[in-house]
Amino acid sequence: MNITIVAPYCSLPSEPHFNRFWYLAELLSQSHDVLLITSNFKHYDKSFRRPEDAESASQGRLKVMLLEESGYGKNVSLDRVKSHHVFVKNFEQWLNNCRPGEQDVVFSAYPLIATNLLLGEHKARLGYKLIIDVQDVWPESFSSVVPFLKKIPHNLLPFSSRANRAYRYADALVAVSQTYLDRAKEANPNVPSEVVYIGADFPKLDAAPAKDFGDDKTRFFYLGTLSYSYDVETVCKGVRKLLDGGENVELHIMGGGPDLDRLKQYACEGIKFYGYIPYAEMMSVAKGCDISVNAIHSYAMQSITNKLSDYMALQKPILNSQVNDEVAEVLTLLPHADYRSGDVDSFVQAAKDILARKNDPVQSDEIVRRFKRDVAYQKIVNLIERLAHE
């Protein structure tokens, strides 16, 4: 079987960020011929890949193709719109050159909207089945940049009709959360579907030794992006307040983004910034810490994120500000305490609450079923193989 994976934001093996599409490409290439199409531009550090990066990542029955983008410096910018337009035009040219029968199944990340519309438009001519994997709901996630949009019904937002058309082209739907899948199924309710959370690498996590800090401080940690959706400033202010109150705590922040330089004003003996570090090192530091922090603004549209998957795999107590029914259900698997995003006093109180309950029970078996990558992602493989034979 010939499978094409379209994932503009995919990370390659030599890069520090895990991506579900690379893992799926490797897994599927054990039994099938797989073409992974991604961008020559790396979203996370705003640099460009070289053609030889695709050659070195290709292996056996797995081939990697890089399509050109023009690149951008800021995530919210006209340059990003232009860059995606360049990628889409190059993707359209590739599709135009394809011949019927070259693909049996195309597994495509959403967003982008435009790549999925093109795949839908070419589907009948080329004869493949299309599976769309919803990584984010667009245009609804506009509201993380312009919060008042959250009050507008999503079907009235700009581009909503294009989003619905893209979802309707799918022969099957996958999503990283039930919240996102429900949105896609509004437009396309009758196709096969699966919720598959972003899986965590349990073996790599198990292999990372817990860092020994050599003292009895309670350590909070945050993993991931530092940008407008994430309420890390409240966490920094809250930990400062705990320190001023005599609490024996530290905060370890691993990750980067547009807010990193601004947030570094809070760096002190008890608040440490690491920037981007390799996954194994990040897990080692996290395993040596005590309490994770899921710091997300109330207006953000994120659901079950990469960081939440890692937090669940680490099976440590969670301080949480994310307002989402699905997240609230998932958090019942671990000790957790909620605080209001932007409210420093609320954070301080929640931190004291979790310190008192950090030894509450953990539902380890259920966490493995939902978040262990090789277990959870087999559902995607089964869906692809089932659809191809229908």
# chains A, B, ... in the order shown; residues from 1 in each chain; ligands from 1

call {"tool": "residues_around", "arguments": {"residues": "Leu387 of chain A", "least_positions_apart": "3", "cutoff": "9 Å", "atoms": "only C-alpha atoms", "output": "ChimeraX atom specification"}}
result
/A:105,129,131,171-172,192,382-384,390

call {"tool": "write_last_selection", "arguments": {"atoms": "all heavy atoms", "output": "CSV table (one decimal), in the first residue's frame"}}
result
chain,number,residue,atom,x,y,z
A,105,VAL,N,-3.8,5.9,0.3
A,105,VAL,CA,-4.4,6.7,1.4
A,105,VAL,C,-3.5,7.9,1.6
A,105,VAL,O,-2.3,7.9,1.6
A,105,VAL,CB,-4.4,5.9,2.7
A,105,VAL,CG1,-4.9,6.8,3.9
A,105,VAL,CG2,-5.4,4.7,2.6
A,129,LYS,N,-8.0,7.6,-0.7
A,129,LYS,CA,-8.9,7.9,0.5
A,129,LYS,C,-8.1,8.9,1.3
A,129,LYS,O,-6.9,8.9,1.5
A,129,LYS,CB,-9.1,6.6,1.3
A,129,LYS,CG,-9.9,5.5,0.6
A,129,LYS,CD,-11.3,5.9,0.4
A,129,LYS,CE,-12.1,4.7,-0.3
A,129,LYS,NZ,-12.2,3.5,0.5
A,131,ILE,N,-7.7,10.9,4.9
A,131,ILE,CA,-7.9,11.0,6.4
A,131,ILE,C,-7.3,12.3,6.9
A,131,ILE,O,-6.2,12.6,6.6
A,131,ILE,CB,-7.2,9.8,7.1
A,131,ILE,CG1,-7.7,8.5,6.6
A,131,ILE,CG2,-7.5,10.0,8.6
A,131,ILE,CD1,-7.1,7.3,7.3
A,171,ASP,N,-12.6,11.1,4.2
A,171,ASP,CA,-13.2,9.8,4.3
A,171,ASP,C,-13.1,9.2,5.7
A,171,ASP,O,-13.8,8.2,6.0
A,171,ASP,CB,-12.5,8.8,3.3
A,171,ASP,CG,-12.6,9.3,1.9
A,171,ASP,OD1,-13.7,9.2,1.3
A,171,ASP,OD2,-11.6,9.7,1.3
A,172,ALA,N,-12.3,9.8,6.5
A,172,ALA,CA,-12.2,9.4,7.9
A,172,ALA,C,-11.6,10.6,8.7
A,172,ALA,O,-10.8,11.4,8.1
A,172,ALA,CB,-11.4,8.2,8.2
A,192,PRO,N,-15.9,7.2,9.5
A,192,PRO,CA,-15.2,6.7,10.7
A,192,PRO,C,-14.3,7.7,11.3
A,192,PRO,O,-13.8,8.6,10.7
A,192,PRO,CB,-14.3,5.6,10.0
A,192,PRO,CG,-15.0,5.3,8.7
A,192,PRO,CD,-15.6,6.6,8.3
A,382,ASN,N,-4.6,1.2,12.3
A,382,ASN,CA,-5.7,0.3,12.0
A,382,ASN,C,-6.7,1.0,11.2
A,382,ASN,O,-7.3,0.4,10.2
A,382,ASN,CB,-6.4,-0.2,13.3
A,382,ASN,CG,-5.5,-1.1,14.2
A,382,ASN,OD1,-4.5,-1.6,13.7
A,382,ASN,ND2,-5.8,-1.2,15.4
A,383,LEU,N,-7.0,2.3,11.4
A,383,LEU,CA,-7.9,3.0,10.6
A,383,LEU,C,-7.5,3.2,9.2
A,383,LEU,O,-8.2,3.0,8.2
A,383,LEU,CB,-8.2,4.4,11.3
A,383,LEU,CG,-9.1,5.4,10.5
A,383,LEU,CD1,-10.5,4.8,10.5
A,383,LEU,CD2,-9.1,6.7,11.2
A,384,ILE,N,-6.2,3.5,9.0
A,384,ILE,CA,-5.6,3.7,7.6
A,384,ILE,C,-5.8,2.3,6.9
A,384,ILE,O,-6.2,2.3,5.7
A,384,ILE,CB,-4.1,4.1,7.7
A,384,ILE,CG1,-4.1,5.6,8.2
A,384,ILE,CG2,-3.4,4.0,6.4
A,384,ILE,CD1,-2.6,6.0,8.5
A,390,GLU,N,-11.5,-0.9,2.0
A,390,GLU,CA,-12.9,-0.8,1.9
A,390,GLU,C,-13.3,-0.5,0.4
A,390,GLU,O,-12.5,0.1,-0.3
A,390,GLU,CB,-13.5,0.4,2.7
A,390,GLU,CG,-13.5,0.1,4.2
A,390,GLU,CD,-14.1,1.2,5.0
A,390,GLU,OE1,-14.3,2.3,4.5
A,390,GLU,OE2,-14.3,1.0,6.2

call {"tool": "select_by_dssp", "arguments": {"residues": "segment 141-357 of chain A", "states": "strand (DSSP E)", "output": "NGL selection string"}}
result
:A and (172-175 or 193-195 or 218-223 or 249-254 or 271-275 or 291-294 or 318-320 or 336-338)

call {"tool": "residues_around", "arguments": {"residues": "Leu130 of chain A", "least_positions_apart": "3", "cutoff": "12 Å", "atoms": "only C-alpha atoms", "output": "count of residues only"}}
result
40

call {"tool": "atom_distance", "arguments": {"atom1": "atom CA of Glu326 of chain A", "atom2": "atom CA of Glu186 of chain A"}}
result
17.5 Å

call {"tool": "closest_residue", "arguments": {"among": "A:Leu308, A:Leu226, A:Val232, A:Ala187", "to": "Val344 of chain A", "atoms": "only C-alpha atoms"}}
result
A:Val232

call {"tool": "select_by_dssp", "arguments": {"residues": "segment 72-281 of chain A", "states": "alpha helix (DSSP H)", "output": "PyMOL selection string"}}
result
chain A and resi 78-97+113-126+160-169+178-187+202-207+232-244+260-263+279-281

call {"tool": "closest_residue", "arguments": {"among": "A:Asp216, A:Asp201, A:Glu247, A:Asp353", "to": "Ala376 of chain A", "atoms": "only C-alpha atoms"}}
result
A:Asp201

call {"tool": "closest_residue", "arguments": {"among": "A:Met1, A:Ala57, A:Leu251, A:Leu12", "to": "Tyr128 of chain A", "atoms": "only C-alpha atoms"}}
result
A:Met1
